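Below: model-v6.cif (mmCIF, C-alpha atoms)
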```
data_coords
#
loop_
_atom_site.label_atom_id
_atom_site.label_comp_id
_atom_site.auth_asym_id
_atom_site.auth_seq_id
_atom_site.Cartn_x
_atom_site.Cartn_y
_atom_site.Cartn_z
CA MET I 1 -50.61 47.04 -47.30
CA ILE I 2 -52.47 46.06 -44.19
CA ASP I 3 -54.33 48.21 -41.72
CA VAL I 4 -53.10 47.74 -38.13
CA ALA I 5 -54.85 48.97 -34.97
CA VAL I 6 -53.00 49.01 -31.66
CA CYS I 7 -55.40 49.06 -28.70
CA GLU I 8 -55.01 52.11 -26.51
CA TYR I 9 -56.53 51.36 -23.13
CA GLY I 10 -54.28 52.91 -20.53
CA ALA I 11 -52.08 49.88 -19.95
CA GLY I 12 -49.97 49.55 -23.03
CA ASN I 13 -46.52 50.23 -24.31
CA VAL I 14 -48.40 51.46 -27.37
CA ARG I 15 -45.73 53.83 -28.54
CA SER I 16 -42.98 51.20 -28.69
CA VAL I 17 -45.23 48.89 -30.71
CA ILE I 18 -46.13 51.65 -33.18
CA VAL I 19 -42.46 52.53 -33.61
CA ALA I 20 -41.47 48.89 -34.17
CA LEU I 21 -44.11 48.57 -36.90
CA ARG I 22 -43.03 51.83 -38.49
CA ARG I 23 -39.56 50.31 -38.91
CA LEU I 24 -41.28 47.64 -41.02
CA GLY I 25 -42.97 50.29 -43.12
CA ILE I 26 -46.36 50.02 -41.42
CA GLU I 27 -48.14 53.09 -40.05
CA ALA I 28 -50.27 51.52 -37.35
CA LYS I 29 -52.80 53.63 -35.52
CA SER I 30 -53.30 53.61 -31.81
CA THR I 31 -56.98 53.65 -31.01
CA GLU I 32 -59.53 53.09 -28.27
CA ASP I 33 -62.36 52.95 -30.81
CA CYS I 34 -64.12 49.57 -31.01
CA ASP I 35 -65.06 49.92 -34.67
CA GLU I 36 -61.47 50.63 -35.63
CA VAL I 37 -60.30 47.63 -33.63
CA LEU I 38 -62.98 45.44 -35.20
CA GLY I 39 -62.27 46.59 -38.72
CA ALA I 40 -58.47 46.50 -38.82
CA ASP I 41 -56.70 43.71 -40.68
CA LEU I 42 -54.56 43.18 -37.60
CA ALA I 43 -55.38 44.28 -34.06
CA ILE I 44 -52.64 44.32 -31.47
CA LEU I 45 -53.28 44.20 -27.73
CA PRO I 46 -50.08 45.35 -26.03
CA GLY I 47 -49.83 45.58 -22.31
CA VAL I 48 -47.70 46.23 -19.31
CA GLY I 49 -48.74 46.60 -15.70
CA ALA I 50 -51.39 44.81 -13.70
CA ALA I 51 -54.18 42.63 -15.07
CA GLY I 52 -56.95 44.14 -12.94
CA SER I 53 -56.64 47.74 -14.05
CA ALA I 54 -55.86 46.66 -17.62
CA MET I 55 -59.07 44.62 -17.89
CA ARG I 56 -61.02 47.56 -16.47
CA GLY I 57 -59.42 49.74 -19.14
CA LEU I 58 -60.57 47.34 -21.87
CA LYS I 59 -64.12 47.11 -20.50
CA GLU I 60 -64.55 50.85 -20.08
CA ARG I 61 -63.96 51.20 -23.80
CA GLY I 62 -65.83 48.09 -24.88
CA LEU I 63 -62.61 46.75 -26.32
CA ASP I 64 -63.05 43.41 -24.53
CA ASP I 65 -66.08 42.55 -26.65
CA ALA I 66 -64.50 44.00 -29.80
CA LEU I 67 -61.43 41.77 -29.43
CA VAL I 68 -63.45 38.62 -28.77
CA GLU I 69 -65.72 39.42 -31.70
CA ARG I 70 -62.89 39.89 -34.16
CA VAL I 71 -61.15 36.69 -33.05
CA ASP I 72 -64.45 34.80 -33.45
CA ALA I 73 -64.71 36.26 -36.95
CA GLY I 74 -61.25 34.89 -37.75
CA ARG I 75 -59.54 38.29 -37.92
CA PRO I 76 -55.83 38.25 -36.95
CA THR I 77 -55.17 39.50 -33.45
CA LEU I 78 -51.87 39.66 -31.58
CA GLY I 79 -51.54 39.92 -27.82
CA ILE I 80 -48.23 40.99 -26.31
CA CYS I 81 -47.12 40.25 -22.72
CA LEU I 82 -50.10 41.30 -20.58
CA GLY I 83 -52.07 41.10 -23.83
CA LEU I 84 -51.51 37.33 -23.75
CA GLN I 85 -52.34 37.07 -20.05
CA LEU I 86 -55.64 38.93 -20.58
CA ALA I 87 -56.58 36.52 -23.39
CA VAL I 88 -56.89 33.46 -21.15
CA GLU I 89 -59.88 32.64 -18.94
CA HIS I 90 -58.53 33.78 -15.61
CA SER I 91 -55.58 35.58 -14.06
CA ASP I 92 -54.56 35.11 -10.45
CA GLU I 93 -53.22 38.68 -10.38
CA ASP I 94 -55.01 41.36 -8.31
CA GLU I 95 -56.94 38.76 -6.30
CA GLY I 96 -58.36 37.21 -9.46
CA VAL I 97 -59.36 38.73 -12.78
CA THR I 98 -61.71 37.21 -15.36
CA GLY I 99 -60.00 37.18 -18.73
CA LEU I 100 -61.24 37.43 -22.32
CA ALA I 101 -61.29 33.61 -22.62
CA ILE I 102 -60.04 33.77 -26.19
CA LEU I 103 -57.67 31.01 -25.08
CA PRO I 104 -58.34 28.28 -22.54
CA GLY I 105 -56.11 28.48 -19.49
CA ARG I 106 -55.04 30.80 -16.73
CA ALA I 107 -52.26 33.18 -15.76
CA SER I 108 -50.48 32.60 -12.48
CA LEU I 109 -47.47 33.89 -10.60
CA ILE I 110 -44.12 32.51 -11.76
CA ARG I 111 -42.78 30.22 -9.07
CA GLU I 112 -39.25 29.54 -10.21
CA GLY I 113 -36.22 31.77 -10.50
CA ARG I 114 -36.16 35.47 -9.80
CA VAL I 115 -39.46 37.28 -10.19
CA PRO I 116 -40.09 39.52 -12.05
CA ARG I 117 -38.46 37.46 -14.76
CA ILE I 118 -36.52 40.13 -16.61
CA GLY I 119 -34.15 39.65 -19.50
CA TRP I 120 -33.45 37.85 -22.74
CA ALA I 121 -34.28 34.18 -22.96
CA ARG I 122 -34.43 31.64 -25.71
CA VAL I 123 -37.77 30.62 -27.18
CA GLU I 124 -38.30 27.10 -28.44
CA PRO I 125 -38.82 25.87 -31.07
CA GLY I 126 -36.00 27.95 -32.55
CA ASP I 127 -32.96 29.31 -30.79
CA GLU I 128 -33.48 33.05 -30.80
CA ALA I 129 -33.61 35.02 -27.56
CA PHE I 130 -36.39 37.53 -26.91
CA TYR I 131 -36.87 40.09 -24.16
CA PHE I 132 -39.19 39.17 -21.29
CA ALA I 133 -40.33 41.28 -18.32
CA HIS I 134 -43.10 39.58 -16.36
CA SER I 135 -44.18 38.19 -13.00
CA TYR I 136 -47.15 36.14 -14.24
CA ALA I 137 -47.21 33.54 -16.99
CA VAL I 138 -50.00 31.64 -18.73
CA GLU I 139 -50.67 27.94 -18.71
CA THR I 140 -52.71 26.95 -21.72
CA PRO I 141 -53.20 23.96 -24.01
CA ALA I 142 -52.87 26.47 -26.89
CA ALA I 143 -49.15 26.93 -26.16
CA VAL I 144 -46.92 26.70 -29.23
CA GLY I 145 -43.65 28.11 -27.89
CA TYR I 146 -41.80 27.82 -24.61
CA SER I 147 -38.99 29.62 -22.83
CA GLU I 148 -37.38 27.86 -19.88
CA GLY I 149 -40.59 25.94 -19.31
CA ILE I 150 -42.73 29.08 -19.45
CA VAL I 151 -45.30 29.61 -22.20
CA ALA I 152 -43.74 32.10 -24.59
CA GLU I 153 -46.29 31.89 -27.38
CA ALA I 154 -49.82 30.58 -27.70
CA ALA I 155 -52.08 30.45 -30.72
CA LEU I 156 -55.68 29.47 -31.34
CA GLY I 157 -57.77 30.33 -34.36
CA SER I 158 -56.88 33.85 -35.43
CA PHE I 159 -55.30 34.82 -32.11
CA VAL I 160 -51.58 34.71 -31.37
CA GLY I 161 -50.22 35.76 -28.01
CA VAL I 162 -46.61 36.20 -27.00
CA GLN I 163 -45.22 36.61 -23.52
CA PHE I 164 -42.06 38.34 -24.74
CA HIS I 165 -41.85 41.84 -26.16
CA PRO I 166 -41.11 41.62 -29.90
CA GLU I 167 -41.07 45.42 -30.06
CA LYS I 168 -38.14 45.43 -27.61
CA SER I 169 -36.37 42.30 -28.81
CA GLY I 170 -33.93 43.85 -31.27
CA ASN I 171 -33.36 41.97 -34.51
CA ALA I 172 -35.06 38.79 -33.29
CA GLY I 173 -38.17 40.80 -32.45
CA ARG I 174 -38.09 42.53 -35.80
CA ARG I 175 -37.97 39.17 -37.57
CA PHE I 176 -40.88 37.90 -35.47
CA LEU I 177 -43.00 40.92 -36.39
CA GLU I 178 -42.05 40.59 -40.06
CA ARG I 179 -43.17 36.95 -40.08
CA HIS I 180 -46.38 37.86 -38.33
CA ILE I 181 -47.15 40.70 -40.74
CA ASP I 182 -46.43 38.38 -43.69
CA ARG I 183 -49.04 35.96 -42.37
CA VAL I 184 -51.59 38.72 -42.02
CA VAL I 185 -50.86 39.94 -45.55
CA ALA I 186 -51.38 36.37 -46.79
CA TRP I 187 -54.62 36.13 -44.82
CA LYS I 188 -55.85 39.37 -46.32
CA ALA I 189 -54.96 38.25 -49.84
CA ASN I 190 -57.05 35.14 -49.26
CA SER I 191 -60.62 36.37 -49.48
CA ASN I 192 -61.82 33.28 -47.66
CA GLY I 193 -60.26 34.75 -44.56
CA VAL I 194 -58.49 31.62 -43.35
CA PRO I 195 -57.47 32.21 -39.76
CA VAL I 196 -53.87 33.02 -39.00
CA SER I 197 -52.27 30.88 -36.38
CA GLY I 198 -49.02 29.42 -35.20
CA THR I 199 -46.61 32.01 -36.54
CA GLY I 200 -44.02 30.28 -34.37
CA PRO I 201 -40.63 31.69 -33.44
CA GLN I 202 -39.26 30.09 -36.61
CA MET J 1 -32.98 32.09 -15.68
CA PRO J 2 -32.72 34.56 -18.55
CA LEU J 3 -29.26 35.21 -19.99
CA PRO J 4 -26.90 37.50 -18.09
CA ARG J 5 -27.19 41.10 -19.26
CA LEU J 6 -24.59 43.75 -20.01
CA ILE J 7 -26.06 47.22 -19.57
CA PRO J 8 -24.17 50.33 -20.69
CA CYS J 9 -25.03 53.39 -18.61
CA LEU J 10 -25.13 56.82 -20.20
CA ASP J 11 -24.99 59.91 -17.98
CA VAL J 12 -27.13 62.61 -19.46
CA ALA J 13 -27.86 66.23 -18.65
CA ALA J 14 -30.18 68.52 -20.58
CA GLY J 15 -30.54 65.92 -23.32
CA ARG J 16 -26.82 65.32 -23.95
CA VAL J 17 -24.36 62.64 -22.86
CA VAL J 18 -22.01 64.21 -20.35
CA LYS J 19 -18.87 63.25 -18.61
CA GLY J 20 -17.25 64.75 -15.56
CA VAL J 21 -15.54 64.02 -12.31
CA LYS J 22 -17.87 64.12 -9.32
CA PHE J 23 -20.32 66.36 -11.14
CA GLU J 24 -17.61 69.00 -11.71
CA GLY J 25 -16.61 70.20 -15.13
CA LEU J 26 -19.26 68.37 -17.07
CA ARG J 27 -18.27 67.90 -20.67
CA ASP J 28 -20.65 67.25 -23.54
CA VAL J 29 -19.52 64.04 -25.22
CA GLY J 30 -22.35 63.38 -27.60
CA ASP J 31 -25.92 62.64 -28.48
CA PRO J 32 -27.55 59.99 -26.27
CA VAL J 33 -29.61 58.61 -29.12
CA GLU J 34 -26.62 58.11 -31.40
CA LEU J 35 -24.48 56.60 -28.66
CA GLY J 36 -27.37 54.42 -27.46
CA ALA J 37 -27.94 53.15 -31.00
CA ALA J 38 -24.24 52.38 -31.40
CA TYR J 39 -24.28 50.41 -28.12
CA SER J 40 -27.38 48.58 -29.28
CA ASP J 41 -25.62 47.64 -32.52
CA ALA J 42 -22.62 46.48 -30.46
CA GLY J 43 -24.82 44.02 -28.57
CA ALA J 44 -26.04 45.90 -25.48
CA ASP J 45 -28.82 43.91 -23.82
CA GLU J 46 -30.35 47.00 -22.30
CA LEU J 47 -29.42 50.61 -21.65
CA VAL J 48 -29.66 52.94 -18.68
CA PHE J 49 -29.98 56.68 -19.15
CA LEU J 50 -29.14 58.42 -15.92
CA ASP J 51 -30.13 62.07 -15.70
CA ILE J 52 -27.40 63.38 -13.42
CA LYS J 53 -28.75 66.92 -13.26
CA ALA J 54 -32.37 66.06 -12.82
CA THR J 55 -34.21 69.26 -12.11
CA VAL J 56 -37.75 70.37 -12.63
CA GLU J 57 -36.67 72.51 -15.59
CA ASN J 58 -34.99 69.48 -17.09
CA ARG J 59 -38.04 67.24 -16.83
CA ASP J 60 -39.37 68.04 -20.28
CA SER J 61 -36.02 67.57 -21.98
CA LEU J 62 -35.76 64.13 -20.36
CA VAL J 63 -39.16 63.08 -21.68
CA GLU J 64 -38.23 64.37 -25.11
CA LEU J 65 -34.98 62.40 -24.95
CA VAL J 66 -36.86 59.23 -24.02
CA GLU J 67 -39.14 59.72 -27.01
CA ARG J 68 -36.17 60.07 -29.32
CA VAL J 69 -34.46 57.00 -27.85
CA ALA J 70 -37.63 54.92 -28.20
CA GLU J 71 -37.99 55.98 -31.85
CA ARG J 72 -34.52 54.71 -32.59
CA LEU J 73 -33.90 51.72 -30.32
CA ALA J 74 -35.53 48.31 -30.31
CA ILE J 75 -34.02 47.16 -27.00
CA PRO J 76 -35.26 47.90 -23.49
CA PHE J 77 -34.05 50.92 -21.56
CA THR J 78 -34.33 52.34 -18.08
CA VAL J 79 -34.41 55.99 -17.08
CA GLY J 80 -33.12 57.12 -13.73
CA GLY J 81 -32.59 60.43 -12.01
CA GLY J 82 -35.24 62.73 -10.66
CA VAL J 83 -38.14 60.28 -10.63
CA ARG J 84 -40.11 61.49 -7.61
CA SER J 85 -43.72 60.77 -8.33
CA GLU J 86 -46.15 58.56 -10.24
CA GLU J 87 -46.57 61.39 -12.75
CA ASP J 88 -42.81 61.50 -13.46
CA ALA J 89 -42.66 57.75 -13.95
CA GLU J 90 -45.78 57.48 -16.04
CA ARG J 91 -44.65 60.21 -18.42
CA LEU J 92 -41.34 58.43 -18.98
CA LEU J 93 -43.00 55.08 -19.61
CA LEU J 94 -45.58 56.55 -21.96
CA ALA J 95 -42.71 58.18 -23.83
CA GLY J 96 -41.27 54.71 -24.44
CA ALA J 97 -39.03 53.84 -21.47
CA ASP J 98 -39.41 50.30 -20.13
CA LYS J 99 -38.39 50.92 -16.56
CA VAL J 100 -37.75 53.78 -14.21
CA SER J 101 -35.17 53.70 -11.50
CA VAL J 102 -35.72 55.54 -8.23
CA ASN J 103 -33.15 56.27 -5.57
CA SER J 104 -33.25 59.13 -3.04
CA ALA J 105 -36.99 59.69 -3.42
CA ALA J 106 -37.71 56.09 -2.41
CA VAL J 107 -35.47 56.36 0.66
CA ALA J 108 -37.29 59.53 1.68
CA ASP J 109 -40.68 57.90 1.08
CA PRO J 110 -40.60 54.13 0.60
CA THR J 111 -44.33 54.06 -0.20
CA LEU J 112 -43.38 55.59 -3.55
CA LEU J 113 -42.23 52.10 -4.61
CA THR J 114 -45.60 50.58 -3.76
CA ARG J 115 -47.48 53.29 -5.61
CA LEU J 116 -45.26 52.99 -8.67
CA ALA J 117 -45.54 49.19 -8.72
CA GLY J 118 -49.33 49.40 -8.38
CA LEU J 119 -49.51 51.75 -11.33
CA LEU J 120 -46.84 50.36 -13.63
CA GLY J 121 -46.15 46.83 -12.43
CA SER J 122 -43.04 45.79 -10.51
CA GLN J 123 -41.21 44.89 -13.71
CA ALA J 124 -41.09 48.60 -14.55
CA VAL J 125 -39.84 49.79 -11.16
CA GLY J 126 -36.15 49.60 -10.31
CA ILE J 127 -34.65 50.66 -7.00
CA ALA J 128 -31.20 52.19 -7.29
CA ILE J 129 -29.17 51.67 -4.12
CA ASP J 130 -25.86 53.44 -3.60
CA THR J 131 -23.88 51.61 -0.96
CA LYS J 132 -20.73 52.24 1.02
CA GLY J 133 -19.48 50.21 3.96
CA GLY J 134 -22.72 48.24 3.94
CA GLU J 135 -24.87 51.36 4.34
CA VAL J 136 -27.17 53.19 1.98
CA TYR J 137 -26.21 56.65 0.73
CA THR J 138 -28.39 59.08 -1.18
CA HIS J 139 -27.99 62.27 -3.17
CA ALA J 140 -25.30 60.89 -5.45
CA GLY J 141 -23.42 59.43 -2.52
CA GLY J 142 -23.39 62.70 -0.60
CA ARG J 143 -25.68 61.78 2.23
CA THR J 144 -25.64 58.86 4.62
CA THR J 145 -28.93 57.32 5.70
CA ASN J 146 -27.80 54.95 8.45
CA ARG J 147 -29.78 52.26 6.69
CA ASP J 148 -28.29 48.83 6.20
CA THR J 149 -27.95 48.05 2.51
CA VAL J 150 -29.24 44.47 2.70
CA GLU J 151 -32.19 45.46 4.90
CA TRP J 152 -33.13 48.28 2.55
CA ALA J 153 -32.90 45.94 -0.45
CA ILE J 154 -35.32 43.54 1.25
CA GLU J 155 -37.69 46.36 2.18
CA ALA J 156 -37.60 47.79 -1.35
CA GLN J 157 -38.53 44.38 -2.75
CA GLU J 158 -41.37 43.98 -0.27
CA ARG J 159 -42.67 47.41 -1.19
CA GLY J 160 -42.82 46.55 -4.88
CA ALA J 161 -39.46 47.19 -6.53
CA GLY J 162 -38.88 44.67 -9.32
CA GLU J 163 -35.13 45.05 -9.75
CA ILE J 164 -32.16 46.37 -7.81
CA LEU J 165 -29.39 48.49 -9.30
CA LEU J 166 -26.69 48.22 -6.67
CA THR J 167 -23.83 50.68 -6.98
CA SER J 168 -20.78 50.49 -4.75
CA ILE J 169 -19.64 54.06 -4.13
CA ASP J 170 -16.15 52.94 -3.16
CA ALA J 171 -15.71 50.82 -6.27
CA ASP J 172 -17.36 53.26 -8.66
CA GLY J 173 -14.96 54.67 -11.21
CA THR J 174 -11.93 52.79 -9.80
CA ARG J 175 -11.96 50.11 -12.51
CA ASP J 176 -10.60 47.75 -9.83
CA GLY J 177 -13.58 45.41 -9.99
CA TYR J 178 -17.13 45.28 -8.67
CA ASP J 179 -17.83 44.95 -4.96
CA VAL J 180 -18.74 41.29 -5.33
CA GLU J 181 -19.21 40.79 -1.60
CA ILE J 182 -22.04 43.29 -1.07
CA THR J 183 -23.56 42.30 -4.40
CA ARG J 184 -23.65 38.65 -3.31
CA ARG J 185 -25.16 39.53 0.05
CA VAL J 186 -27.94 41.56 -1.56
CA ALA J 187 -28.59 38.99 -4.31
CA GLU J 188 -28.87 36.20 -1.73
CA ALA J 189 -31.27 38.23 0.40
CA VAL J 190 -33.76 39.09 -2.33
CA SER J 191 -35.64 37.20 -5.04
CA ILE J 192 -35.79 39.99 -7.63
CA PRO J 193 -33.00 40.50 -10.19
CA VAL J 194 -29.90 42.43 -9.15
CA ILE J 195 -27.71 44.58 -11.41
CA ALA J 196 -24.12 45.01 -10.18
CA SER J 197 -22.69 48.47 -10.68
CA GLY J 198 -19.42 50.27 -10.09
CA GLY J 199 -15.87 49.21 -10.65
CA ALA J 200 -15.71 47.32 -13.93
CA GLY J 201 -12.19 47.46 -15.34
CA ASN J 202 -11.94 44.33 -17.45
CA ASN J 203 -13.77 41.23 -18.61
CA ARG J 204 -12.78 39.24 -15.50
CA HIS J 205 -14.47 41.82 -13.27
CA VAL J 206 -17.67 41.62 -15.29
CA ALA J 207 -17.58 37.82 -15.27
CA GLU J 208 -17.17 37.86 -11.47
CA ALA J 209 -20.13 40.18 -11.07
CA LEU J 210 -22.27 37.99 -13.34
CA GLY J 211 -21.43 35.09 -11.06
CA VAL J 212 -23.54 36.68 -8.32
CA ALA J 213 -25.82 39.17 -10.11
CA GLN J 214 -28.17 38.88 -13.08
CA ALA J 215 -26.70 41.84 -14.94
CA ALA J 216 -23.71 44.17 -14.90
CA LEU J 217 -23.80 47.90 -15.45
CA LEU J 218 -20.98 49.27 -17.57
CA ALA J 219 -19.97 52.92 -17.38
CA SER J 220 -16.41 54.23 -17.37
CA ILE J 221 -14.99 50.96 -18.74
CA LEU J 222 -16.68 51.66 -22.06
CA HIS J 223 -15.46 55.25 -22.38
CA GLU J 224 -18.38 56.01 -24.68
CA ASN J 225 -16.81 53.53 -27.08
CA PRO J 226 -19.20 50.93 -28.54
CA ASP J 227 -16.31 48.91 -29.95
CA ARG J 228 -15.15 48.26 -26.40
CA LEU J 229 -18.55 46.72 -25.64
CA ARG J 230 -18.14 44.43 -28.64
CA THR J 231 -14.70 43.19 -27.54
CA LEU J 232 -15.83 42.92 -23.94
CA ARG J 233 -18.73 40.67 -24.93
CA ASP J 234 -16.35 38.46 -26.89
CA GLU J 235 -13.94 38.27 -23.94
CA ILE J 236 -16.74 37.39 -21.51
CA ARG J 237 -18.00 34.66 -23.84
CA ALA J 238 -14.45 33.33 -23.97
CA ASP J 239 -14.62 33.14 -20.16
CA GLY J 240 -17.43 30.63 -20.62
CA ILE J 241 -20.39 32.91 -19.91
CA GLU J 242 -23.19 32.70 -22.41
CA LEU J 243 -24.47 36.05 -23.67
CA ARG J 244 -27.25 36.88 -26.07
CA ASP J 245 -26.48 36.75 -29.76
CA ALA J 246 -27.70 40.14 -30.93
CA ALA J 247 -27.45 39.37 -34.66
#
```

Structure re-expressed in structure tokens:
Amino acid sequence: MIDVAVCEYGAGNVRSVIVALRRLGIEAKSTEDCDEVLGADLAILPGVGAAGSAMRGLKERGLDDALVERVDAGRPTLGICLGLQLAVEHSDEDEGVTGLAILPGRASLIREGRVPRIGWARVEPGDEAFYFAHSYAVETPAAVGYSEGIVAEAALGSFVGVQFHPEKSGNAGRRFLERHIDRVVAWKANSNGVPVSGTGPQ
Amino acid sequence: MPLPRLIPCLDVAAGRVVKGVKFEGLRDVGDPVELGAAYSDAGADELVFLDIKATVENRDSLVELVERVAERLAIPFTVGGGVRSEEDAERLLLAGADKVSVNSAAVADPTLLTRLAGLLGSQAVGIAIDTKGGEVYTHAGGRTTNRDTVEWAIEAQERGAGEILLTSIDADGTRDGYDVEITRRVAEAVSIPVIASGGAGNNRHVAEALGVAQAALLASILHENPDRLRTLRDEIRADGIELRDAA
């Protein structure tokens, strides 16, 4: 079984993520400890709220460096919602926030439709709907999945980021997390530590 | 735009689902977690838990309920009733709720919306507006505010609310259909999502509401019966409205 650390930094829906993993038989730990985040087989960066205070929360705990370090080392890391927006180079939110730059690109305010964009929407490739609740969205060349023209998933090296909330996306979300966990298990079994990427909605 | 949402609303008091007429003779009709899970299985896109007897003494039981719901459900849910401060809202979100809904407290102090949005993000802050004759009422419809509903909706959005739950007091419980007119006026005036509430009696009513709003709240039409939600979703799909496939 794999060891999963969910980053606790004052801006996460940590509890919902832990519960969703428990349904898959995984007892993840929530932690603000850098060594635990570095050492886990899978680190998850959840997130709701504003980018500015969230990035401060990461820095105060040194989790920003820990996340970058583990991605550089090829260790699987999953960002959810704000966790994806923090992974790019820059967010326009809160008068500009410097991101982790794990992915190239930036997060900017959604300009079409009603904002916040709240509800279930299809993610392509694939035809399953996932739950979204966001006002900002990323633009990145690392995009691998889209929803109504908005980046729904991005992957580069060992990092995967999703704009939707798999932990709140019912059966579709459960299947996404199962696929992701399977990839991490496969990565762990491979002692060469081949990076995990492109879990894709399908 | 995301798919239209159907949102069952559960009235709760002291951790139980209750039913009553105008807050009189409240009857315990079940466990919110069990009923919520059954609605989730029947295809609910989201749930609202409305604490209709929100009191200070009840605060802890509401947080405990939210924890139990979050353990069991893998769909989003909103908690409303008695949210008066950042502390109230933050506790509910940390316990696993996705959104809080504020009503009277925001009318009394609109800056509450700004503070909540700053702390939690607009996507987690809903404004519940009870309307009658185009005006806003508070305290479960018992008190007029002399505020225009559309103007208040615009102000709430400007102050940081990320969603509007618009309940027509006149239509509520009648099962004669939503107040489509006021819902349209509010939806046209704002750029945040609007949930229509009050008056659903059949699939046509819900389809009409979804023609102007992004979601429809379902209360008395469901009668605490998840099977009714299942048939209703089928009927609405047959009306040509695409809903999420929850399988």

- Quick one: everything within 12 Å of segment 61-75 of chain I, counting only C-alpha atoms, minus sequence neighbours fewer than 2 positions away in the same chain. Send it as a PyMOL selection string. chain I and resi 3-10+31-45+54-59+77-79+83+86-88+98-103+155-160+183-185+187-188+191-197

- Task: Enumerate as a ChimeraX atom specification the residues belonging to chain J that approach chain I to within 6 Å, with only C-alpha atoms taken into account.
- Result: /J:2-3,71,74-76,96,120-121,123,162,191-193

- Item | Residue nearest Ala171 of chain J - candidates J:Ala187, J:Ala140, J:Ala215, J:Ala200, atoms counted: all atoms listed in the file |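 So, comparing all the options, the nearest one is J:Ala200.
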
- Message: List the spatial neighbours of Glu158 of chain J as JSON, numbers by chain - criterion: any atom at most 10 Å away, only C-alpha atoms, same-chain residues fewer than 5 positions off excluded.
- Response: {"J": [113, 114, 152, 153, 190]}

- Applied to the shown file, which residues does the PyMOL selection byres ((chain J and resi 8) around 6) return, written as a ChimeraX atom specification? /J:7,9,47,217-219

- Message: (-21.7, 42.1, -11.2) in this file's frame - what residues fall within 9 Å of it? Use all atoms listed in the file and give the answer as a list of chain:residue names.
- Response: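 Residues with an atom close enough to that point: J:Gly177, J:Tyr178, J:Asp179, J:Val180, J:Thr183, J:Arg184, J:Val194, J:Ile195, J:Ala196, J:Ser197, J:Gly198, J:Ala200, J:His205, J:Val206, J:Ala207, J:Glu208, J:Ala209, J:Leu210, J:Gly211, J:Val212, J:Ala213, J:Gln214, J:Ala215, J:Ala216, J:Leu217.
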
- Query: Between J:Val136, J:Ala37, J:Val12, J:Leu222, which is the closest to Arg175 of chain J once you count only C-alpha atoms?
  - Reply: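 Of J:Val136, J:Ala37, J:Val12, J:Leu222, the one nearest Arg175 of chain J is J:Leu222, counting only C-alpha atoms.
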
Report as a PDB file with C-alpha atoms, in the coordinates of the input the residues that result from applying the PyMOL selection byres ((chain I and resi 149-152) around 10) to the structure here.
```pdb
ATOM      1  CA  CYS I  81     -47.120  40.250 -22.720  1.00  0.00           C
ATOM      2  CA  LEU I  84     -51.510  37.330 -23.750  1.00  0.00           C
ATOM      3  CA  ILE I 110     -44.120  32.510 -11.760  1.00  0.00           C
ATOM      4  CA  GLU I 112     -39.250  29.540 -10.210  1.00  0.00           C
ATOM      5  CA  ALA I 121     -34.280  34.180 -22.960  1.00  0.00           C
ATOM      6  CA  ARG I 122     -34.430  31.640 -25.710  1.00  0.00           C
ATOM      7  CA  VAL I 123     -37.770  30.620 -27.180  1.00  0.00           C
ATOM      8  CA  GLU I 124     -38.300  27.100 -28.440  1.00  0.00           C
ATOM      9  CA  PHE I 130     -36.390  37.530 -26.910  1.00  0.00           C
ATOM     10  CA  PHE I 132     -39.190  39.170 -21.290  1.00  0.00           C
ATOM     11  CA  TYR I 136     -47.150  36.140 -14.240  1.00  0.00           C
ATOM     12  CA  ALA I 137     -47.210  33.540 -16.990  1.00  0.00           C
ATOM     13  CA  VAL I 138     -50.000  31.640 -18.730  1.00  0.00           C
ATOM     14  CA  GLU I 139     -50.670  27.940 -18.710  1.00  0.00           C
ATOM     15  CA  THR I 140     -52.710  26.950 -21.720  1.00  0.00           C
ATOM     16  CA  PRO I 141     -53.200  23.960 -24.010  1.00  0.00           C
ATOM     17  CA  ALA I 142     -52.870  26.470 -26.890  1.00  0.00           C
ATOM     18  CA  ALA I 143     -49.150  26.930 -26.160  1.00  0.00           C
ATOM     19  CA  VAL I 144     -46.920  26.700 -29.230  1.00  0.00           C
ATOM     20  CA  GLY I 145     -43.650  28.110 -27.890  1.00  0.00           C
ATOM     21  CA  TYR I 146     -41.800  27.820 -24.610  1.00  0.00           C
ATOM     22  CA  SER I 147     -38.990  29.620 -22.830  1.00  0.00           C
ATOM     23  CA  GLU I 148     -37.380  27.860 -19.880  1.00  0.00           C
ATOM     24  CA  GLU I 153     -46.290  31.890 -27.380  1.00  0.00           C
ATOM     25  CA  ALA I 154     -49.820  30.580 -27.700  1.00  0.00           C
ATOM     26  CA  GLY I 161     -50.220  35.760 -28.010  1.00  0.00           C
ATOM     27  CA  VAL I 162     -46.610  36.200 -27.000  1.00  0.00           C
ATOM     28  CA  GLN I 163     -45.220  36.610 -23.520  1.00  0.00           C
ATOM     29  CA  PHE I 164     -42.060  38.340 -24.740  1.00  0.00           C
ATOM     30  CA  GLY I 200     -44.020  30.280 -34.370  1.00  0.00           C
ATOM     31  CA  PRO I 201     -40.630  31.690 -33.440  1.00  0.00           C
TER      32      PRO I 201
END
```

- May I ask for the distance between atom CA of Arg115 of chain J and atom CA of Leu94 of chain J, given in Å to one decimal place?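 Separating atom CA of Arg115 of chain J from atom CA of Leu94 of chain J is a distance of 16.8 Å.
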
- Message: Counting all atoms listed in the file, I want the residues whose atoms come within 6 Å of (-27.8, 53.6, -16.1) in the file frame, returned as a ChimeraX atom specification.
- Response: /J:9-10,48-50

- To one decimal in Å, tell me the separation between atom CA of Gly126 of chain J and atom CA of Ser220 of chain J.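 Answer for the atom CA of Gly126 of chain J to atom CA of Ser220 of chain J separation: 21.5 Å.
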